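Have a look at structure_24.tsv below; it lists TSV, N, CA and C atoms.
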```
chain	number	residue	atom	x	y	z
A	54	MET	N	-16.25	37.36	-0.16
A	54	MET	CA	-17.13	36.24	-0.29
A	54	MET	C	-16.94	35.34	0.93
A	55	LYS	N	-18.01	34.86	1.49
A	55	LYS	CA	-17.94	33.99	2.66
A	55	LYS	C	-17.76	32.54	2.22
A	56	TYR	N	-16.92	31.86	2.97
A	56	TYR	CA	-16.62	30.46	2.65
A	56	TYR	C	-16.67	29.66	3.94
A	57	ASN	N	-17.40	28.55	3.91
A	57	ASN	CA	-17.45	27.65	5.07
A	57	ASN	C	-16.30	26.66	4.96
A	58	TYR	N	-15.43	26.69	5.94
A	58	TYR	CA	-14.27	25.82	5.92
A	58	TYR	C	-14.36	24.87	7.10
A	59	LYS	N	-14.12	23.60	6.83
A	59	LYS	CA	-14.20	22.57	7.87
A	59	LYS	C	-12.82	22.35	8.48
A	60	PHE	N	-12.69	22.74	9.73
A	60	PHE	CA	-11.48	22.49	10.50
A	60	PHE	C	-11.69	21.22	11.31
A	61	ALA	N	-10.64	20.71	11.91
A	61	ALA	CA	-10.75	19.52	12.75
A	61	ALA	C	-11.66	19.78	13.95
A	62	THR	N	-11.71	21.02	14.40
A	62	THR	CA	-12.52	21.37	15.57
A	62	THR	C	-13.95	21.77	15.23
A	63	GLY	N	-14.25	21.88	13.94
A	63	GLY	CA	-15.60	22.25	13.52
A	63	GLY	C	-15.58	23.13	12.29
A	64	THR	N	-16.74	23.56	11.86
A	64	THR	CA	-16.88	24.38	10.66
A	64	THR	C	-16.84	25.86	11.03
A	65	GLU	N	-16.05	26.61	10.29
A	65	GLU	CA	-15.94	28.05	10.51
A	65	GLU	C	-16.26	28.77	9.21
A	66	THR	N	-16.87	29.93	9.31
A	66	THR	CA	-17.12	30.77	8.14
A	66	THR	C	-16.04	31.84	8.11
A	67	ILE	N	-15.35	31.92	6.98
A	67	ILE	CA	-14.29	32.92	6.84
A	67	ILE	C	-14.58	33.77	5.61
A	68	GLU	N	-14.03	34.95	5.62
A	68	GLU	CA	-14.22	35.89	4.51
A	68	GLU	C	-12.99	35.81	3.61
A	69	VAL	N	-13.19	35.45	2.33
A	69	VAL	CA	-12.09	35.37	1.37
A	69	VAL	C	-12.54	36.04	0.07
A	70	ASP	N	-11.56	36.43	-0.75
A	70	ASP	CA	-11.94	37.00	-2.04
A	70	ASP	C	-12.34	35.86	-2.99
A	71	GLU	N	-12.89	36.21	-4.13
A	71	GLU	CA	-13.46	35.23	-5.05
A	71	GLU	C	-12.41	34.25	-5.57
A	72	LYS	N	-11.21	34.75	-5.84
A	72	LYS	CA	-10.13	33.90	-6.35
A	72	LYS	C	-9.83	32.77	-5.36
A	73	TRP	N	-9.67	33.12	-4.08
A	73	TRP	CA	-9.37	32.12	-3.06
A	73	TRP	C	-10.56	31.19	-2.84
A	74	SER	N	-11.74	31.69	-2.99
A	74	SER	CA	-12.93	30.86	-2.85
A	74	SER	C	-12.94	29.76	-3.92
A	75	GLU	N	-12.60	30.12	-5.14
A	75	GLU	CA	-12.53	29.14	-6.23
A	75	GLU	C	-11.47	28.09	-5.94
A	76	ILE	N	-10.31	28.53	-5.48
A	76	ILE	CA	-9.22	27.60	-5.16
A	76	ILE	C	-9.65	26.65	-4.05
A	77	LEU	N	-10.24	27.19	-3.00
A	77	LEU	CA	-10.68	26.34	-1.89
A	77	LEU	C	-11.76	25.35	-2.33
A	78	ASN	N	-12.68	25.80	-3.18
A	78	ASN	CA	-13.70	24.89	-3.69
A	78	ASN	C	-13.10	23.77	-4.52
A	79	GLU	N	-12.10	24.09	-5.35
A	79	GLU	CA	-11.41	23.07	-6.14
A	79	GLU	C	-10.72	22.06	-5.24
A	80	LEU	N	-10.06	22.54	-4.20
A	80	LEU	CA	-9.39	21.64	-3.25
A	80	LEU	C	-10.39	20.76	-2.53
A	81	ASP	N	-11.52	21.33	-2.14
A	81	ASP	CA	-12.57	20.54	-1.49
A	81	ASP	C	-13.09	19.45	-2.42
A	82	ASN	N	-13.31	19.81	-3.68
A	82	ASN	CA	-13.79	18.83	-4.65
A	82	ASN	C	-12.77	17.72	-4.86
A	83	GLU	N	-11.50	18.09	-4.96
A	83	GLU	CA	-10.43	17.11	-5.14
A	83	GLU	C	-10.34	16.19	-3.92
A	84	ASP	N	-10.42	16.78	-2.73
A	84	ASP	CA	-10.38	16.00	-1.50
A	84	ASP	C	-11.56	15.03	-1.43
A	85	PHE	N	-12.74	15.50	-1.79
A	85	PHE	CA	-13.92	14.65	-1.78
A	85	PHE	C	-13.76	13.51	-2.78
A	86	ASN	N	-13.28	13.80	-3.99
A	86	ASN	CA	-13.09	12.76	-5.00
A	86	ASN	C	-12.07	11.72	-4.55
A	87	ASN	N	-10.98	12.17	-3.93
A	87	ASN	CA	-9.98	11.23	-3.40
A	87	ASN	C	-10.57	10.37	-2.31
A	88	TRP	N	-11.33	10.97	-1.41
A	88	TRP	CA	-11.97	10.21	-0.34
A	88	TRP	C	-12.94	9.19	-0.92
A	89	GLN	N	-13.71	9.61	-1.91
A	89	GLN	CA	-14.70	8.73	-2.52
A	89	GLN	C	-14.01	7.54	-3.22
A	90	THR	N	-12.90	7.81	-3.91
A	90	THR	CA	-12.16	6.75	-4.57
A	90	THR	C	-11.62	5.76	-3.56
A	91	GLU	N	-11.01	6.25	-2.48
A	91	GLU	CA	-10.47	5.36	-1.45
A	91	GLU	C	-11.59	4.59	-0.77
A	92	ASN	N	-12.70	5.23	-0.52
A	92	ASN	CA	-13.82	4.57	0.13
A	92	ASN	C	-14.35	3.43	-0.73
A	93	ARG	N	-14.47	3.66	-2.03
A	93	ARG	CA	-14.93	2.61	-2.94
A	93	ARG	C	-13.96	1.44	-2.93
A	94	ARG	N	-12.66	1.73	-2.94
A	94	ARG	CA	-11.67	0.67	-2.93
A	94	ARG	C	-11.78	-0.17	-1.67
A	95	SER	N	-11.87	0.47	-0.52
A	95	SER	CA	-11.90	-0.29	0.72
A	95	SER	C	-13.18	-1.09	0.85
A	96	GLU	N	-14.29	-0.56	0.36
A	96	GLU	CA	-15.54	-1.32	0.42
A	96	GLU	C	-15.46	-2.56	-0.45
A	97	SER	N	-14.90	-2.44	-1.62
A	97	SER	CA	-14.81	-3.61	-2.50
A	97	SER	C	-13.81	-4.63	-1.96
A	98	LEU	N	-12.72	-4.17	-1.33
A	98	LEU	CA	-11.75	-5.10	-0.78
A	98	LEU	C	-12.29	-5.86	0.43
A	99	ASN	N	-13.16	-5.22	1.20
A	99	ASN	CA	-13.70	-5.89	2.36
A	99	ASN	C	-14.51	-7.12	1.99
A	100	ASP	N	-15.05	-7.14	0.77
A	100	ASP	CA	-15.85	-8.27	0.33
A	100	ASP	C	-15.00	-9.41	-0.23
A	101	VAL	N	-13.71	-9.18	-0.43
A	101	VAL	CA	-12.85	-10.17	-1.07
A	101	VAL	C	-12.58	-11.35	-0.14
A	102	GLY	N	-12.30	-11.11	1.10
A	102	GLY	CA	-12.00	-12.19	2.02
A	102	GLY	C	-11.20	-11.70	3.20
A	103	PRO	N	-10.79	-12.62	4.08
A	103	PRO	CA	-10.08	-12.23	5.29
A	103	PRO	C	-8.71	-11.63	5.02
A	104	TRP	N	-8.11	-11.90	3.86
A	104	TRP	CA	-6.80	-11.36	3.55
A	104	TRP	C	-6.86	-9.94	3.02
A	105	ALA	N	-8.06	-9.39	2.83
A	105	ALA	CA	-8.18	-8.05	2.27
A	105	ALA	C	-7.55	-7.01	3.17
A	106	LYS	N	-7.68	-7.16	4.48
A	106	LYS	CA	-7.11	-6.17	5.39
A	106	LYS	C	-5.59	-6.28	5.45
A	107	ASN	N	-5.07	-7.50	5.27
A	107	ASN	CA	-3.63	-7.70	5.25
A	107	ASN	C	-3.31	-8.58	4.05
A	108	PRO	N	-2.99	-7.98	2.91
A	108	PRO	CA	-2.77	-8.77	1.71
A	108	PRO	C	-1.58	-9.70	1.81
A	109	HIS	N	-0.75	-9.53	2.83
A	109	HIS	CA	0.44	-10.35	2.96
A	109	HIS	C	0.16	-11.65	3.72
A	110	CYS	N	-1.03	-11.79	4.32
A	110	CYS	CA	-1.28	-12.97	5.14
A	110	CYS	C	-1.40	-14.22	4.29
A	111	GLU	N	-1.73	-14.11	3.00
A	111	GLU	CA	-1.80	-15.29	2.14
A	111	GLU	C	-0.43	-15.95	2.04
A	112	ILE	N	0.60	-15.14	1.86
A	112	ILE	CA	1.95	-15.68	1.78
A	112	ILE	C	2.37	-16.23	3.13
A	113	GLU	N	2.05	-15.51	4.19
A	113	GLU	CA	2.41	-15.98	5.52
A	113	GLU	C	1.69	-17.28	5.84
A	114	ALA	N	0.44	-17.42	5.39
A	114	ALA	CA	-0.33	-18.63	5.64
A	114	ALA	C	0.28	-19.83	4.93
A	115	MET	N	0.89	-19.60	3.77
A	115	MET	CA	1.53	-20.70	3.04
A	115	MET	C	2.63	-21.35	3.87
A	116	PHE	N	3.28	-20.57	4.72
A	116	PHE	CA	4.43	-21.06	5.47
A	116	PHE	C	4.06	-21.64	6.84
A	117	GLU	N	2.79	-21.71	7.17
A	117	GLU	CA	2.40	-22.24	8.48
A	117	GLU	C	2.56	-23.75	8.58
A	118	GLU	N	2.37	-24.47	7.50
A	118	GLU	CA	2.53	-25.93	7.53
A	118	GLU	C	4.01	-26.26	7.59
A	119	PRO	N	4.47	-27.02	8.60
A	119	PRO	CA	5.91	-27.25	8.80
A	119	PRO	C	6.64	-27.86	7.61
A	120	SER	N	6.09	-28.90	6.98
A	120	SER	CA	6.81	-29.54	5.87
A	120	SER	C	6.91	-28.60	4.67
A	121	PHE	N	5.83	-27.89	4.41
A	121	PHE	CA	5.83	-26.92	3.30
A	121	PHE	C	6.83	-25.82	3.61
A	122	ARG	N	6.82	-25.38	4.86
A	122	ARG	CA	7.71	-24.30	5.27
A	122	ARG	C	9.17	-24.68	5.05
A	123	GLN	N	9.55	-25.90	5.45
A	123	GLN	CA	10.93	-26.34	5.31
A	123	GLN	C	11.33	-26.42	3.84
A	124	THR	N	10.44	-26.96	3.01
A	124	THR	CA	10.72	-27.07	1.58
A	124	THR	C	10.88	-25.70	0.95
A	125	MET	N	9.97	-24.81	1.26
A	125	MET	CA	10.00	-23.49	0.64
A	125	MET	C	11.17	-22.66	1.14
A	126	LEU	N	11.50	-22.79	2.42
A	126	LEU	CA	12.62	-22.02	2.96
A	126	LEU	C	13.94	-22.44	2.30
A	127	SER	N	14.03	-23.70	1.94
A	127	SER	CA	15.25	-24.15	1.26
A	127	SER	C	15.34	-23.58	-0.16
A	128	ARG	N	14.20	-23.25	-0.75
A	128	ARG	CA	14.18	-22.69	-2.11
A	128	ARG	C	14.15	-21.15	-2.11
A	129	LEU	N	13.97	-20.57	-0.96
A	129	LEU	CA	13.84	-19.11	-0.88
A	129	LEU	C	15.07	-18.36	-1.39
A	130	PRO	N	16.30	-18.75	-1.06
A	130	PRO	CA	17.45	-18.00	-1.58
A	130	PRO	C	17.50	-17.96	-3.11
A	131	GLU	N	17.18	-19.09	-3.75
A	131	GLU	CA	17.16	-19.13	-5.22
A	131	GLU	C	16.08	-18.21	-5.77
A	132	ALA	N	14.91	-18.24	-5.12
A	132	ALA	CA	13.80	-17.38	-5.56
A	132	ALA	C	14.17	-15.91	-5.42
A	133	LEU	N	14.80	-15.54	-4.32
A	133	LEU	CA	15.20	-14.15	-4.10
A	133	LEU	C	16.26	-13.71	-5.11
A	134	GLN	N	17.16	-14.60	-5.48
A	134	GLN	CA	18.20	-14.25	-6.45
A	134	GLN	C	17.63	-13.96	-7.83
A	135	LYS	N	16.48	-14.54	-8.14
A	135	LYS	CA	15.86	-14.32	-9.44
A	135	LYS	C	15.06	-13.02	-9.50
A	136	MET	N	14.89	-12.37	-8.36
A	136	MET	CA	14.14	-11.12	-8.30
A	136	MET	C	15.03	-9.94	-8.65
A	137	LYS	N	14.39	-8.84	-9.02
A	137	LYS	CA	15.12	-7.59	-9.24
A	137	LYS	C	15.69	-7.12	-7.90
A	138	PRO	N	16.82	-6.42	-7.92
A	138	PRO	CA	17.43	-5.95	-6.67
A	138	PRO	C	16.49	-5.11	-5.80
A	139	ILE	N	15.70	-4.24	-6.42
A	139	ILE	CA	14.79	-3.39	-5.63
A	139	ILE	C	13.72	-4.25	-4.96
A	140	GLN	N	13.25	-5.29	-5.65
A	140	GLN	CA	12.25	-6.18	-5.06
A	140	GLN	C	12.85	-6.96	-3.90
A	141	ARG	N	14.09	-7.44	-4.08
A	141	ARG	CA	14.77	-8.16	-2.99
A	141	ARG	C	14.92	-7.26	-1.78
A	142	ARG	N	15.30	-6.01	-2.03
A	142	ARG	CA	15.51	-5.06	-0.92
A	142	ARG	C	14.21	-4.80	-0.17
A	143	ILE	N	13.11	-4.63	-0.92
A	143	ILE	CA	11.81	-4.38	-0.29
A	143	ILE	C	11.36	-5.60	0.52
A	144	ILE	N	11.52	-6.79	-0.04
A	144	ILE	CA	11.17	-8.02	0.69
A	144	ILE	C	12.01	-8.12	1.96
A	145	ASP	N	13.29	-7.85	1.82
A	145	ASP	CA	14.20	-7.91	2.97
A	145	ASP	C	13.77	-6.93	4.06
A	146	LEU	N	13.51	-5.69	3.69
A	146	LEU	CA	13.11	-4.68	4.67
A	146	LEU	C	11.76	-5.00	5.30
A	147	TYR	N	10.82	-5.47	4.50
A	147	TYR	CA	9.46	-5.70	5.00
A	147	TYR	C	9.39	-6.95	5.88
A	148	TYR	N	9.92	-8.06	5.40
A	148	TYR	CA	9.76	-9.32	6.13
A	148	TYR	C	10.86	-9.62	7.13
A	149	PHE	N	12.08	-9.21	6.84
A	149	PHE	CA	13.18	-9.57	7.72
A	149	PHE	C	13.56	-8.45	8.69
A	150	ASP	N	13.44	-7.20	8.25
A	150	ASP	CA	13.72	-6.07	9.14
A	150	ASP	C	12.45	-5.50	9.77
A	151	HIS	N	11.30	-6.05	9.38
A	151	HIS	CA	9.99	-5.67	9.94
A	151	HIS	C	9.71	-4.17	9.84
A	152	LYS	N	10.04	-3.60	8.70
A	152	LYS	CA	9.75	-2.19	8.44
A	152	LYS	C	8.38	-2.08	7.78
A	153	ASN	N	7.66	-0.99	8.07
A	153	ASN	CA	6.38	-0.78	7.38
A	153	ASN	C	6.64	-0.07	6.05
A	154	GLN	N	5.60	0.07	5.25
A	154	GLN	CA	5.78	0.63	3.90
A	154	GLN	C	6.28	2.07	3.93
A	155	MET	N	5.82	2.85	4.88
A	155	MET	CA	6.29	4.24	4.96
A	155	MET	C	7.78	4.29	5.31
A	156	GLU	N	8.23	3.42	6.21
A	156	GLU	CA	9.65	3.39	6.56
A	156	GLU	C	10.49	2.95	5.37
A	157	ILE	N	10.00	1.96	4.62
A	157	ILE	CA	10.71	1.49	3.44
A	157	ILE	C	10.80	2.61	2.41
A	158	ALA	N	9.70	3.32	2.22
A	158	ALA	CA	9.68	4.43	1.27
A	158	ALA	C	10.73	5.47	1.64
A	159	SER	N	10.83	5.77	2.92
A	159	SER	CA	11.81	6.75	3.39
A	159	SER	C	13.24	6.25	3.15
A	160	ILE	N	13.48	4.99	3.42
A	160	ILE	CA	14.82	4.42	3.24
A	160	ILE	C	15.23	4.42	1.78
A	161	LEU	N	14.29	4.05	0.89
A	161	LEU	CA	14.61	3.91	-0.53
A	161	LEU	C	14.44	5.21	-1.32
A	162	GLY	N	13.83	6.21	-0.70
A	162	GLY	CA	13.64	7.48	-1.39
A	162	GLY	C	12.56	7.43	-2.46
A	163	ILE	N	11.56	6.59	-2.25
A	163	ILE	CA	10.42	6.51	-3.17
A	163	ILE	C	9.15	6.70	-2.36
A	164	ASN	N	8.02	6.87	-3.03
A	164	ASN	CA	6.80	7.08	-2.26
A	164	ASN	C	6.17	5.75	-1.83
A	165	GLN	N	5.26	5.81	-0.89
A	165	GLN	CA	4.65	4.62	-0.31
A	165	GLN	C	3.86	3.82	-1.34
A	166	CYS	N	3.24	4.50	-2.30
A	166	CYS	CA	2.49	3.79	-3.35
A	166	CYS	C	3.41	2.89	-4.17
A	167	ASN	N	4.60	3.39	-4.48
A	167	ASN	CA	5.56	2.56	-5.21
A	167	ASN	C	6.01	1.37	-4.38
A	168	VAL	N	6.21	1.59	-3.09
A	168	VAL	CA	6.59	0.47	-2.22
A	168	VAL	C	5.48	-0.58	-2.22
A	169	SER	N	4.25	-0.14	-2.07
A	169	SER	CA	3.12	-1.07	-2.04
A	169	SER	C	3.04	-1.86	-3.34
A	170	ARG	N	3.14	-1.17	-4.46
A	170	ARG	CA	3.05	-1.83	-5.77
A	170	ARG	C	4.20	-2.80	-5.97
A	171	ARG	N	5.40	-2.37	-5.63
A	171	ARG	CA	6.58	-3.23	-5.83
A	171	ARG	C	6.57	-4.42	-4.87
A	172	LEU	N	6.08	-4.20	-3.66
A	172	LEU	CA	5.97	-5.31	-2.70
A	172	LEU	C	4.96	-6.34	-3.21
A	173	ALA	N	3.83	-5.89	-3.71
A	173	ALA	CA	2.82	-6.81	-4.24
A	173	ALA	C	3.36	-7.60	-5.43
A	174	THR	N	4.09	-6.91	-6.31
A	174	THR	CA	4.68	-7.59	-7.47
A	174	THR	C	5.73	-8.60	-7.02
A	175	ALA	N	6.56	-8.21	-6.06
A	175	ALA	CA	7.60	-9.11	-5.56
A	175	ALA	C	6.97	-10.34	-4.90
A	176	GLU	N	5.93	-10.13	-4.12
A	176	GLU	CA	5.25	-11.26	-3.47
A	176	GLU	C	4.63	-12.19	-4.50
A	177	LYS	N	4.03	-11.60	-5.53
A	177	LYS	CA	3.42	-12.40	-6.59
A	177	LYS	C	4.48	-13.24	-7.30
A	178	ASN	N	5.60	-12.61	-7.64
A	178	ASN	CA	6.69	-13.32	-8.31
A	178	ASN	C	7.27	-14.41	-7.41
A	179	LEU	N	7.43	-14.10	-6.16
A	179	LEU	CA	7.96	-15.07	-5.19
A	179	LEU	C	7.01	-16.25	-5.05
A	180	LYS	N	5.74	-15.96	-4.90
A	180	LYS	CA	4.73	-17.02	-4.78
A	180	LYS	C	4.71	-17.90	-6.03
A	181	ASN	N	4.72	-17.28	-7.22
A	181	ASN	CA	4.72	-18.05	-8.47
A	181	ASN	C	5.94	-18.94	-8.57
A	182	PHE	N	7.11	-18.41	-8.24
A	182	PHE	CA	8.33	-19.20	-8.30
A	182	PHE	C	8.27	-20.39	-7.35
A	183	LEU	N	7.84	-20.14	-6.12
A	183	LEU	CA	7.79	-21.21	-5.13
A	183	LEU	C	6.73	-22.26	-5.49
A	184	GLN	N	5.63	-21.86	-6.08
A	184	GLN	CA	4.61	-22.82	-6.49
A	184	GLN	C	5.08	-23.65	-7.67
A	185	LYS	N	5.81	-23.03	-8.59
A	185	LYS	CA	6.31	-23.78	-9.76
A	185	LYS	C	7.34	-24.82	-9.35
A	186	THR	N	8.13	-24.51	-8.34
A	186	THR	CA	9.19	-25.43	-7.93
A	186	THR	C	8.74	-26.40	-6.86
A	187	ALA	N	7.51	-26.26	-6.39
A	187	ALA	CA	7.01	-27.16	-5.32
A	187	ALA	C	6.71	-28.53	-5.86
```
Just give me the structure of the file as structure tokens.
Amino acid sequence: MKYNYKFATGTETIEVDEKWSEILNELDNEDFNNWQTENRRSESLNDVGPWAKNPHCEIEAMFEEPSFRQTMLSRLPEALQKMKPIQRRIIDLYYFDHKNQMEIASILGINQCNVSRRLATAEKNLKNFLQKTA
């Protein structure tokens, strides 16, 4: 059975048996569905605002005002102590060691999706704590 396969350099027609054709079609469908899901997510996030491309800029923006920055920095150690150890470690690696999510995932032995989710949760908890104590 002939199957059109898309390589990075272009589309090629290859001869495969029916079993492999079914497998390749399933993989293509899965790849398309994953692409479609990611595409929908990014389109909806682009409409949210300027922080959509960098969800961490909202927290960084909070610290731009000098008086607010000084007040919050004095409360930061207490806020970090109230966090779970894994959240503290991720915050430390991301903001203080300037590691990206893939590097953090490699260091902690977890996948990048978990790092992203845990970082977002940690930032949310940190922001809530700092706002409550402000």
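CA of Ser120 (chain A) lies 24.0 Å from atom N of Ile144 (chain A).
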* Could you check how far CA of Ser169 (chain A) sits from atom C of Gln134 (chain A), in Å to one decimal? =>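 Interatomic distance, CA of Ser169 (chain A) to atom C of Gln134 (chain A): 20.3 Å.
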* Apply DSSP to the structure's backbone, then extract all residues of region 112-187 of chain A labelled alpha helix (DSSP H) and return them as a PyMOL selection string. => chain A and resi 112-115+119-134+138-144+154-161+165-186
* For CA of Phe182 (chain A) and atom N of Gln165 (chain A), determine how far apart the two atoms are, in Å to one decimal place. =>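 Pair CA of Phe182 (chain A) / atom N of Gln165 (chain A) returns 26.3 Å.
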* Quick one: residues within 8 Å of region 152-156 of chain A, all atoms listed in the file counted, chain neighbours fewer than 6 positions away excluded, as a list in words? -> Asp145, Leu146, Gly162, Asn164, Gln165, Cys166, Val168 and Ser169 of chain A
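Residues in contact with Leu129 (chain A) at 12 Å, where only C-alpha atoms are counted and same-chain residues fewer than 3 positions away are skipped, are listed as Phe116, Phe121, Arg122, Gln123, Thr124, Met125, Leu126, Ala132, Leu133, Gln134, Lys135, Met136, Arg141, Ile144, Asp145, Glu176, Asn178, Leu179, Lys180, Asn181, Phe182, Leu183, Gln184, Thr186 and Ala187 of chain A.
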